[in-house]
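One structure below.
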Amino acid sequence: MKGMLAEIAKMVKDFGSAPTFEEMPRKTLADKGIAGPTAAHTIEEVHTPLNLAYLTFTTGSSAFQNIVGVTFAEMSRKLQASFNILQRAGLKAGDKVLVTYPPLVNVFSGDAMKKYGLEWRFLVRSSRDAFLAALYEFQPQAVVGESSFIRAALEDAKHMGVADELPQDIVLLTAGTPLDLELLPTAKSVLNARVHDLYGCQEFGWLCMDGVPVREDIELVKLPGGAGQEMFELVVGGLPMGDSFPVSASGHVCNSEGKIITYRRERTYPEYEVIVKATTLTSTVTLGRVVRSILRIKGRIVKIIPDVVTGAAHTVLELRPDYISAGVQPGIIIEGPQKTQFFDDMVQAQLDYQQKAKADPTWTKRS
């Protein structure tokens, strides 16, 4: 037996059932399609669980940034929503796209842009002069970026007398903040550009373009009446966004057919509670894991009613006003399968996780 450990020490370096550090799969910023600079981030390597398609962060416009996990189960609908936007914008395979803020690619997903056949590039650094230089050098067919930043840069180009050197007849896909309406005349005069207003988030992907939904599971829920304009909460796949918008028959400024005025966004307060009343799952234990996963990787609180129906034909969710507005508005029932697609994708993700979980042999959790 003498020398056996020495032999084992040599053997485990050559082969084994688990990978070495060098053998582990890697997903770089370039692999995700977001290898560009920002002035608000550090680049940090993390151990990302194999059951997640990728990690990203919210922008943190009103609070600390949330880490977001994107599951494989939701990727199909996420990609389709991105394709819908690119098609409506008139882009085609081979077109060049300039992205001003790399994390915006994560809302599309790098896979969506690759599969669509786009070539995209980032700025050398996050500045207006770098943006103008990239427009001149790259000559893109489209730009993805925040509207006020683009407007300010184009105004700089006019003041500097270089506007006539910029590409013409391009598409501006604005996102990240409510549309700066002053961009529209500026973009027209400087680039002869068509402007589109995208609304979405890192947790759920793209939801609307120019006031028109790009997913099938979008629902608008009217908020309790007040003295001002009627507002509607946007709900995706049964989960409220926490954002409310006016709905106008006259249409969105970028598309008269779009009725959701996304550039008049307001935060919903107080937010709705989501209650699961019926589930296709047969186990309440698994359902409990689903709602915990939604909280952990999507930042949405979902509760389960004590007498939840299991083994149902489709999911039934209820949006309930919280205690502040209780009695002002009754609960709203959202029934699947179409209007609960996102929630159902998270159910599938949980089932996939339980059936195909990637475990590490050095981490044994006893139940």
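Labels used: A, B, ... for chains in the order of the structure tokens, numbers from 1 for residues in each chain, and numbers from 1 for ligands as shown.
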
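For segment 246-250 of chain A, the residues within 10 Å (counting only C-alpha atoms, excluding itself and residues fewer than 3 positions away along the chain) are Gly211, Leu220, Lys222, Gln229, Glu230, Met231, Phe232, Glu233, Val253, Asn255, Ser256, Glu257, Gly258, Lys259, Ile260, Ile261, Thr262, Tyr263, Arg264, Arg265 and Glu266 of chain A.
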
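For Glu182 of chain A, the non-local neighbours within 10 Å, defined as residues at least 5 positions apart in the same chain or in other chains and counting only C-alpha atoms, are Ser147, Ser148, Arg151, Ala152 and Ala187 of chain A.
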
I need the residues from that last selection saved to file as a short mmCIF file (atom, residue, chain, number, x, y, z; two decimals), in the first residue's frame (with all heavy atoms), if you can.
```cif
data_model
loop_
_atom_site.label_atom_id
_atom_site.label_comp_id
_atom_site.auth_asym_id
_atom_site.auth_seq_id
_atom_site.Cartn_x
_atom_site.Cartn_y
_atom_site.Cartn_z
N SER A 147 -31.27 57.40 -25.38
CA SER A 147 -31.69 58.47 -26.28
C SER A 147 -31.08 59.84 -25.96
O SER A 147 -30.70 60.57 -26.88
CB SER A 147 -33.22 58.57 -26.29
OG SER A 147 -33.74 58.79 -24.99
N SER A 148 -30.98 60.19 -24.69
CA SER A 148 -30.42 61.51 -24.35
C SER A 148 -28.94 61.59 -24.70
O SER A 148 -28.44 62.64 -25.12
CB SER A 148 -30.64 61.81 -22.87
OG SER A 148 -32.01 62.02 -22.60
N ARG A 151 -28.79 62.05 -28.46
CA ARG A 151 -29.19 63.42 -28.83
C ARG A 151 -28.07 64.41 -28.56
O ARG A 151 -27.74 65.25 -29.41
CB ARG A 151 -30.45 63.83 -28.06
CG ARG A 151 -30.84 65.29 -28.28
CD ARG A 151 -31.90 65.76 -27.32
NE ARG A 151 -31.55 65.54 -25.93
CZ ARG A 151 -30.70 66.29 -25.24
NH1 ARG A 151 -30.05 67.30 -25.82
NH2 ARG A 151 -30.45 66.03 -23.96
N ALA A 152 -27.47 64.32 -27.36
CA ALA A 152 -26.41 65.26 -27.01
C ALA A 152 -25.21 65.13 -27.95
O ALA A 152 -24.61 66.13 -28.36
CB ALA A 152 -25.97 65.03 -25.56
N ALA A 187 -32.31 63.68 -34.65
CA ALA A 187 -31.91 62.51 -35.42
C ALA A 187 -32.31 62.65 -36.89
O ALA A 187 -31.58 62.24 -37.79
CB ALA A 187 -32.53 61.26 -34.82
#
```

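As for atom CA of His41 of chain A and atom CA of Thr100 of chain A, they are spaced 14.4 Å apart.
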
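If only C-alpha atoms are the atoms counted, then among A:His314, A:Lys298, A:Lys188, A:Lys114 the closest residue to Thr279 of chain A is A:His314.
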
Exercise for the section: Select, from A:Asp95, A:Asp352, A:Asp14, A:Asp217, the residue with the minimum atom-to-atom distance to Leu50 of chain A, counting only C-alpha atoms. Expected result: A:Asp352
